[in-house]
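What follows is the content of start.cif (mmCIF, C-alpha atoms).
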data_query
#
loop_
_atom_site.label_atom_id
_atom_site.label_comp_id
_atom_site.auth_asym_id
_atom_site.auth_seq_id
_atom_site.Cartn_x
_atom_site.Cartn_y
_atom_site.Cartn_z
CA MET Z 1 2.93 -63.74 -23.36
CA ASP Z 2 5.37 -61.28 -21.86
CA ASP Z 3 3.95 -58.43 -23.97
CA SER Z 4 0.39 -59.16 -22.85
CA ALA Z 5 1.20 -59.02 -19.14
CA PRO Z 6 1.57 -55.20 -18.91
CA HIS Z 7 -1.62 -54.74 -20.94
CA LEU Z 8 -3.52 -57.10 -18.66
CA LEU Z 9 -2.13 -55.34 -15.59
CA HIS Z 10 -3.18 -51.98 -16.98
CA SER Z 11 -6.69 -53.27 -17.74
CA ILE Z 12 -7.10 -54.68 -14.23
CA PHE Z 13 -5.86 -51.42 -12.75
CA ALA Z 14 -8.31 -49.39 -14.85
CA TRP Z 15 -11.23 -51.58 -13.80
CA LEU Z 16 -10.26 -51.38 -10.12
CA VAL Z 17 -9.90 -47.61 -10.26
CA GLY Z 18 -13.28 -47.36 -11.95
CA ALA Z 19 -14.84 -49.61 -9.32
CA SER Z 20 -13.38 -47.49 -6.51
CA GLN Z 21 -14.83 -44.34 -8.02
CA VAL Z 22 -18.25 -45.99 -8.45
CA LEU Z 23 -18.18 -47.03 -4.79
CA GLY Z 24 -17.12 -43.56 -3.68
CA VAL Z 25 -19.71 -41.72 -5.75
CA ALA Z 26 -22.40 -44.20 -4.70
CA SER Z 27 -21.54 -43.54 -1.04
CA VAL Z 28 -21.91 -39.79 -1.53
CA VAL Z 29 -25.17 -40.21 -3.47
CA LEU Z 30 -26.66 -42.55 -0.86
CA THR Z 31 -25.73 -40.10 1.89
CA GLY Z 32 -27.46 -37.33 -0.04
CA VAL Z 33 -30.55 -39.49 -0.60
CA TRP Z 34 -30.65 -40.47 3.07
CA MET Z 35 -30.40 -36.91 4.31
CA GLY Z 36 -32.53 -35.44 1.53
CA HIS Z 37 -35.35 -37.99 1.27
CA TYR Z 38 -35.59 -39.41 4.79
CA ARG Z 39 -34.27 -36.53 6.92
CA GLY Z 40 -35.87 -33.50 5.25
CA GLY Z 41 -33.14 -32.01 3.07
CA PHE Z 42 -30.54 -29.33 3.72
CA SER Z 43 -30.42 -25.77 5.01
CA TRP Z 44 -28.22 -23.45 7.09
CA ASP Z 45 -30.53 -22.23 9.84
CA GLY Z 46 -29.59 -24.23 12.94
CA SER Z 47 -32.31 -26.82 12.30
CA GLU Z 48 -32.02 -30.57 11.72
CA GLN Z 49 -31.66 -29.76 8.03
CA GLU Z 50 -28.41 -28.00 8.82
CA PHE Z 51 -27.25 -31.08 10.71
CA ASN Z 52 -27.87 -33.07 7.51
CA LEU Z 53 -24.93 -31.26 5.93
CA HIS Z 54 -22.65 -32.91 8.47
CA PRO Z 55 -22.79 -36.52 7.19
CA LEU Z 56 -22.78 -35.39 3.57
CA CYS Z 57 -19.67 -33.25 4.02
CA MET Z 58 -17.90 -35.93 6.05
CA VAL Z 59 -18.48 -38.68 3.50
CA LEU Z 60 -17.58 -36.41 0.59
CA GLY Z 61 -14.56 -34.81 2.23
CA LEU Z 62 -12.92 -37.14 4.75
CA VAL Z 63 -13.75 -40.37 2.94
CA PHE Z 64 -14.22 -39.91 -0.82
CA LEU Z 65 -11.78 -37.07 -1.51
CA GLN Z 66 -9.28 -38.24 1.08
CA GLY Z 67 -9.50 -41.76 -0.34
CA ASP Z 68 -8.58 -40.37 -3.74
CA ALA Z 69 -5.66 -38.37 -2.35
CA PHE Z 70 -4.27 -39.83 0.87
CA PRO Z 71 -0.53 -40.57 0.83
CA LEU Z 72 1.06 -43.98 0.76
CA ALA Z 73 4.71 -44.90 0.37
CA SER Z 74 6.13 -45.95 -2.94
CA GLU Z 75 9.56 -47.34 -3.63
CA SER Z 76 10.79 -43.92 -4.71
CA LEU Z 77 11.55 -40.96 -2.47
CA HIS Z 78 8.09 -39.51 -3.14
CA SER Z 79 4.75 -40.38 -1.65
CA ALA Z 80 2.22 -42.13 -3.88
CA ILE Z 81 -1.53 -41.62 -3.88
CA LEU Z 82 -4.38 -42.84 -6.03
CA VAL Z 83 -4.06 -39.80 -8.27
CA TYR Z 84 -0.37 -40.62 -8.54
CA ARG Z 85 -1.28 -44.09 -9.72
CA VAL Z 86 -3.83 -42.87 -12.27
CA PHE Z 87 -1.56 -40.11 -13.62
CA ARG Z 88 1.67 -41.87 -12.83
CA SER Z 89 3.52 -40.61 -15.94
CA GLU Z 90 2.92 -36.97 -15.08
CA PRO Z 91 5.61 -34.82 -13.40
CA LYS Z 92 5.59 -35.44 -9.66
CA LYS Z 93 5.51 -31.73 -8.87
CA ASN Z 94 2.17 -31.39 -10.64
CA LEU Z 95 0.82 -34.45 -8.88
CA LYS Z 96 1.92 -33.14 -5.49
CA LEU Z 97 0.08 -29.90 -6.20
CA LEU Z 98 -3.05 -31.84 -7.21
CA HIS Z 99 -2.67 -33.95 -4.07
CA ALA Z 100 -2.53 -30.82 -1.89
CA ILE Z 101 -5.52 -29.20 -3.65
CA ILE Z 102 -7.71 -32.28 -3.22
CA HIS Z 103 -6.74 -32.47 0.43
CA LEU Z 104 -7.53 -28.77 0.87
CA LEU Z 105 -10.97 -29.29 -0.65
CA ALA Z 106 -11.53 -32.29 1.63
CA LEU Z 107 -10.42 -30.23 4.63
CA THR Z 108 -12.74 -27.35 3.70
CA LEU Z 109 -15.74 -29.65 3.34
CA SER Z 110 -14.91 -31.34 6.64
CA ILE Z 111 -14.75 -28.03 8.48
CA ILE Z 112 -18.13 -27.03 7.01
CA GLY Z 113 -19.54 -30.34 8.23
CA PHE Z 114 -18.18 -29.79 11.73
CA VAL Z 115 -19.49 -26.23 11.90
CA ALA Z 116 -22.93 -27.48 10.81
CA VAL Z 117 -23.20 -30.07 13.58
CA PHE Z 118 -21.95 -27.69 16.29
CA ASP Z 119 -24.32 -24.99 15.08
CA PHE Z 120 -27.23 -27.44 15.22
CA HIS Z 121 -26.27 -28.60 18.71
CA ARG Z 122 -26.07 -25.03 19.94
CA ALA Z 123 -29.50 -24.14 18.52
CA ALA Z 124 -31.10 -27.32 19.90
CA LYS Z 125 -29.22 -27.07 23.22
CA ILE Z 126 -27.64 -30.50 22.73
CA PRO Z 127 -24.31 -31.21 24.49
CA ASP Z 128 -21.21 -31.45 22.31
CA MET Z 129 -18.44 -34.05 22.17
CA TYR Z 130 -19.93 -36.69 24.47
CA SER Z 131 -20.10 -39.70 22.12
CA LEU Z 132 -17.43 -42.04 20.79
CA HIS Z 133 -18.40 -40.93 17.27
CA SER Z 134 -17.66 -37.28 18.11
CA TRP Z 135 -14.35 -38.13 19.78
CA CYS Z 136 -13.16 -40.22 16.83
CA GLY Z 137 -14.42 -37.62 14.35
CA MET Z 138 -12.66 -34.74 16.06
CA ALA Z 139 -9.43 -36.72 16.37
CA THR Z 140 -9.64 -37.52 12.65
CA LEU Z 141 -10.14 -33.88 11.69
CA VAL Z 142 -7.29 -32.63 13.91
CA LEU Z 143 -4.89 -35.25 12.56
CA PHE Z 144 -6.03 -34.54 9.02
CA CYS Z 145 -5.24 -30.83 9.45
CA LEU Z 146 -1.83 -31.67 10.88
CA GLN Z 147 -1.15 -34.15 8.08
CA TRP Z 148 -2.00 -31.56 5.44
CA VAL Z 149 0.24 -28.89 6.97
CA MET Z 150 3.13 -31.30 7.40
CA GLY Z 151 2.72 -32.49 3.83
CA LEU Z 152 3.02 -28.91 2.59
CA LEU Z 153 6.14 -28.26 4.67
CA PHE Z 154 7.92 -31.51 3.89
CA PHE Z 155 6.93 -32.32 0.30
CA LEU Z 156 5.22 -29.52 -1.64
CA PHE Z 157 7.26 -26.61 -0.23
CA PRO Z 158 10.08 -28.53 1.48
CA VAL Z 159 11.74 -26.68 4.33
CA ALA Z 160 13.78 -29.65 5.55
CA SER Z 161 16.75 -31.51 4.13
CA SER Z 162 16.26 -34.61 2.01
CA TRP Z 163 17.23 -37.04 4.76
CA ILE Z 164 14.76 -35.46 7.21
CA ARG Z 165 12.01 -35.70 4.58
CA ALA Z 166 12.91 -39.32 3.96
CA SER Z 167 12.79 -40.00 7.70
CA TYR Z 168 9.36 -38.37 7.97
CA LEU Z 169 7.91 -40.17 4.94
CA PRO Z 170 7.07 -43.43 6.79
CA ILE Z 171 5.21 -41.37 9.41
CA HIS Z 172 3.32 -39.53 6.69
CA VAL Z 173 2.47 -42.88 5.10
CA PHE Z 174 1.25 -44.37 8.36
CA CYS Z 175 -0.86 -41.35 9.22
CA GLY Z 176 -2.46 -41.41 5.78
CA LEU Z 177 -3.55 -45.00 6.25
CA VAL Z 178 -4.74 -44.40 9.79
CA LEU Z 179 -6.71 -41.31 8.76
CA LEU Z 180 -8.69 -43.15 6.10
CA ILE Z 181 -9.45 -45.96 8.55
CA MET Z 182 -10.44 -43.46 11.24
CA ALA Z 183 -12.64 -41.51 8.83
CA ILE Z 184 -14.53 -44.60 7.71
CA GLY Z 185 -14.77 -45.87 11.27
CA SER Z 186 -16.15 -42.53 12.44
CA CYS Z 187 -18.72 -42.63 9.64
CA LEU Z 188 -19.84 -46.11 10.67
CA LEU Z 189 -20.22 -44.96 14.27
CA GLY Z 190 -22.13 -41.90 13.10
CA ILE Z 191 -24.46 -43.95 10.90
CA THR Z 192 -25.36 -46.25 13.78
CA GLU Z 193 -25.78 -43.35 16.19
CA LYS Z 194 -28.05 -41.45 13.80
CA LEU Z 195 -30.23 -44.50 13.15
CA LEU Z 196 -30.61 -45.27 16.85
CA PHE Z 197 -31.56 -41.65 17.55
CA SER Z 198 -33.97 -41.37 14.61
CA ILE Z 199 -35.69 -44.72 14.05
CA THR Z 200 -35.18 -46.68 17.26
CA SER Z 201 -38.65 -48.25 17.18
CA THR Z 202 -38.46 -49.44 13.56
CA TYR Z 203 -34.76 -50.10 13.01
CA ALA Z 204 -35.02 -53.77 14.01
CA LEU Z 205 -37.94 -54.18 11.60
CA PHE Z 206 -35.70 -53.50 8.57
CA ALA Z 207 -37.09 -50.04 7.95
CA PRO Z 208 -36.12 -48.76 4.47
CA GLU Z 209 -34.10 -45.91 5.99
CA GLY Z 210 -32.15 -48.34 8.14
CA VAL Z 211 -31.47 -50.68 5.21
CA LEU Z 212 -30.26 -47.77 3.07
CA ALA Z 213 -27.95 -46.54 5.83
CA ASN Z 214 -26.54 -50.04 6.38
CA ILE Z 215 -25.84 -50.37 2.66
CA LEU Z 216 -24.07 -47.00 2.83
CA GLY Z 217 -21.85 -48.37 5.60
CA LEU Z 218 -20.94 -51.42 3.54
CA LEU Z 219 -20.11 -49.23 0.54
CA LEU Z 220 -17.77 -47.14 2.69
CA VAL Z 221 -15.98 -50.25 3.93
CA CYS Z 222 -15.62 -51.63 0.39
CA PHE Z 223 -14.37 -48.25 -0.85
CA GLY Z 224 -11.71 -48.13 1.84
CA MET Z 225 -10.57 -51.69 1.14
CA LEU Z 226 -10.28 -51.09 -2.59
CA ILE Z 227 -8.41 -47.80 -2.17
CA GLY Z 228 -6.04 -49.49 0.25
CA TYR Z 229 -5.38 -52.30 -2.22
CA LEU Z 230 -4.77 -49.97 -5.18
CA THR Z 231 -2.39 -47.69 -3.35
CA THR Z 232 -0.25 -50.41 -1.77
CA ARG Z 233 0.39 -52.57 -4.84
CA LYS Z 234 3.96 -52.19 -6.07
CA GLU Z 235 3.03 -52.77 -9.71
CA TYR Z 236 0.83 -49.66 -9.65
CA ARG Z 237 3.43 -47.32 -8.18
CA CYS Z 238 4.51 -44.11 -9.89
CA LEU Z 239 6.81 -44.43 -12.85
CA PRO Z 240 10.28 -43.01 -12.12
CA ASN Z 241 11.68 -40.16 -14.15
CA PRO Z 242 15.36 -39.26 -14.70
CA GLU Z 243 15.28 -36.49 -12.09
CA GLU Z 244 13.91 -38.88 -9.46
CA GLU Z 245 16.42 -41.58 -10.34
CA SER Z 246 19.25 -39.07 -9.88
CA LEU Z 247 17.79 -37.98 -6.54
CA SER Z 248 17.39 -41.61 -5.49
CA VAL Z 249 21.07 -42.33 -6.23
CA HIS Z 250 22.12 -39.22 -4.32
CA PHE Z 251 19.94 -40.21 -1.38
CA LYS Z 252 21.41 -43.71 -1.38
CA THR Z 253 24.90 -42.16 -1.32
CA LEU Z 254 24.01 -40.07 1.71
CA THR Z 255 22.35 -42.86 3.67
CA GLU Z 256 24.55 -45.84 2.78
CA GLY Z 257 27.90 -44.13 2.59
CA GLY Z 258 28.60 -45.27 -0.95
CA SER Z 259 29.25 -43.30 -4.06
CA PRO Z 260 26.94 -42.57 -6.97
CA SER Z 261 28.95 -44.93 -9.13
CA SER Z 262 29.04 -47.75 -6.59
CA PRO Z 263 26.84 -50.80 -7.33
#
Let me see the structure of the file written as structure tokens.
Amino acid sequence: MDDSAPHLLHSIFAWLVGASQVLGVASVVLTGVWMGHYRGGFSWDGSEQEFNLHPLCMVLGLVFLQGDAFPLASESLHSAILVYRVFRSEPKKNLKLLHAIIHLLALTLSIIGFVAVFDFHRAAKIPDMYSLHSWCGMATLVLFCLQWVMGLLFFLFPVASSWIRASYLPIHVFCGLVLLIMAIGSCLLGITEKLLFSITSTYALFAPEGVLANILGLLLVCFGMLIGYLTTRKEYRCLPNPEEESLSVHFKTLTEGGSPSSP
């Protein structure tokens, strides 16, 4: 019975990870279908087709990729992310690098999405930054940039002492959670805003475009909930290695005033 428990836990974890990826990919695909089939496709010419890149890049970057790489605290001195949980036996240095690369890709896509919407507004002479969606979206992007830079300075290329990094870790954890919530919330606001602007007369009649967009919103919420569950469960945290255990003992000595040999 005891031997079957880890196997069952691993199986459940694998199924949950697979489900999260299905939800994430489905969200990106539905966004592409919405913008491609109902809104005329994509281009980079200042038209509405350029605007269509905005929701696609936001869902792909700030939600899907960030959801696969945003930081959460583990019981060790290192941050844990979904990639950490999937590849939890790999060296942490490699996982931190993968974490930073995924975040950089998410940041790049997000910036492209923001440039697209501002470019469209300028060409169509539409005011910028007047809606709650735009305010929340901009705040999310700014905090995401700051989070990425701070993560590089504190964890990937640490410039601070271990106790300062440990003190900052809860803040990094909190911001990671808040950013995913803000990104999904901004997407939900944007979905509603786009539908009200585009199909006001038929939205209440369950127009196919409106139904598809509402399903997209539900998928985003489910994705966020599942990612949050996976990355906060203690049983799925990163496996410690000897180097980390030594660092953990040293950190305990510094913070608790004991000695490495003390119980």
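With all atoms listed in the file as the atoms that count, the residue of Z:Leu180, Z:Cys187, Z:Leu156, Z:Ala106 with the shortest distance to Ala213 of chain Z is Z:Cys187.
The residues caught by the PyMOL selection byres ((chain Z and resi 36-42) around 10) in this file are Leu30, Thr31, Gly32, Val33, Trp34, Met35, Ser43, Trp44, Asp45, Ser47, Glu48, Gln49, Glu50, Phe51, Asn52, Leu53, His54, Leu56, Ser198, Pro208 and Glu209 of chain Z.
When all atoms listed in the file are used to compute distances to Gly137 of chain Z, the closest of the residues Z:Val22, Z:Leu189, Z:Ile102, Z:Leu226 turns out to be Z:Leu189.
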(request) Kindly give the distance, in Å, that separates atom CA of Phe154 of chain Z and atom CA of Ala183 of chain Z, rounded to a single decimal. (result) 23.4 Å
(request) Could you pull out every residue with an atom within 10 Å of (-8.6, -36.5, -1.2), file coordinates, counting only C-alpha atoms, and send them as a PyMOL selection string? (result) chain Z and resi 60-71+81-83+98-107+180
(request) In Å, rounded to a single decimal, give me how far atom CA of Tyr229 of chain Z is from atom CA of Gly176 of chain Z. (result) 13.8 Å
Hits of the PyMOL selection byres ((chain Z and resi 150) around 12) in this structure, as a PDB file with C-alpha atoms, keeping the file's coordinate frame:
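Listing of selection_19.pdb after writing:
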ATOM      1  CA  PRO Z  71      -0.530 -40.570   0.830  1.00  0.00           C
ATOM      2  CA  ALA Z 100      -2.530 -30.820  -1.890  1.00  0.00           C
ATOM      3  CA  LEU Z 143      -4.890 -35.250  12.560  1.00  0.00           C
ATOM      4  CA  PHE Z 144      -6.030 -34.540   9.020  1.00  0.00           C
ATOM      5  CA  CYS Z 145      -5.240 -30.830   9.450  1.00  0.00           C
ATOM      6  CA  LEU Z 146      -1.830 -31.670  10.880  1.00  0.00           C
ATOM      7  CA  GLN Z 147      -1.150 -34.150   8.080  1.00  0.00           C
ATOM      8  CA  TRP Z 148      -2.000 -31.560   5.440  1.00  0.00           C
ATOM      9  CA  VAL Z 149       0.240 -28.890   6.970  1.00  0.00           C
ATOM     10  CA  GLY Z 151       2.720 -32.490   3.830  1.00  0.00           C
ATOM     11  CA  LEU Z 152       3.020 -28.910   2.590  1.00  0.00           C
ATOM     12  CA  LEU Z 153       6.140 -28.260   4.670  1.00  0.00           C
ATOM     13  CA  PHE Z 154       7.920 -31.510   3.890  1.00  0.00           C
ATOM     14  CA  PHE Z 155       6.930 -32.320   0.300  1.00  0.00           C
ATOM     15  CA  LEU Z 156       5.220 -29.520  -1.640  1.00  0.00           C
ATOM     16  CA  PHE Z 157       7.260 -26.610  -0.230  1.00  0.00           C
ATOM     17  CA  PRO Z 158      10.080 -28.530   1.480  1.00  0.00           C
ATOM     18  CA  VAL Z 159      11.740 -26.680   4.330  1.00  0.00           C
ATOM     19  CA  ALA Z 160      13.780 -29.650   5.550  1.00  0.00           C
ATOM     20  CA  ARG Z 165      12.010 -35.700   4.580  1.00  0.00           C
ATOM     21  CA  TYR Z 168       9.360 -38.370   7.970  1.00  0.00           C
ATOM     22  CA  LEU Z 169       7.910 -40.170   4.940  1.00  0.00           C
ATOM     23  CA  ILE Z 171       5.210 -41.370   9.410  1.00  0.00           C
ATOM     24  CA  HIS Z 172       3.320 -39.530   6.690  1.00  0.00           C
ATOM     25  CA  VAL Z 173       2.470 -42.880   5.100  1.00  0.00           C
ATOM     26  CA  CYS Z 175      -0.860 -41.350   9.220  1.00  0.00           C
ATOM     27  CA  GLY Z 176      -2.460 -41.410   5.780  1.00  0.00           C
TER      28      GLY Z 176
END
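Nearest-residue note for Glu193 of chain Z: choosing from Z:Val117, Z:Leu132, Z:Ala166, Z:Leu230, the minimum distance belongs to Z:Leu132, counting only C-alpha atoms.
What separates atom CA of Asp128 of chain Z from atom CA of Gly210 of chain Z is a distance of 24.6 Å.
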(request) Quick one: apply the PyMOL selection byres ((chain Z and resi 136) around 10) to the file and drop the selected residues here as number ranges by chain. (result) Z: 129, 131-135, 137-141, 182-183, 185-187, 189-190
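For the residues Z:Ala26, Z:Val178, Z:Gly46, Z:Ser161, ranking by smallest atom-to-atom distance to Ile126 of chain Z using only C-alpha atoms places Z:Gly46 first.
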(message) Show me, as a PyMOL selection string, the residues that have an atom within 8 Å of Gly224 of chain Z when counting all atoms listed in the file, minus same-chain residues fewer than 3 positions from it.
(response) chain Z and resi 67+180-181+184+220-221+227-228
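Comparing the minimum interatomic distances between Gly217 of chain Z and each of Z:Ala116, Z:Leu188, Z:Leu109, Z:Leu8, counting only C-alpha atoms, we find that Z:Leu188 sits nearest.
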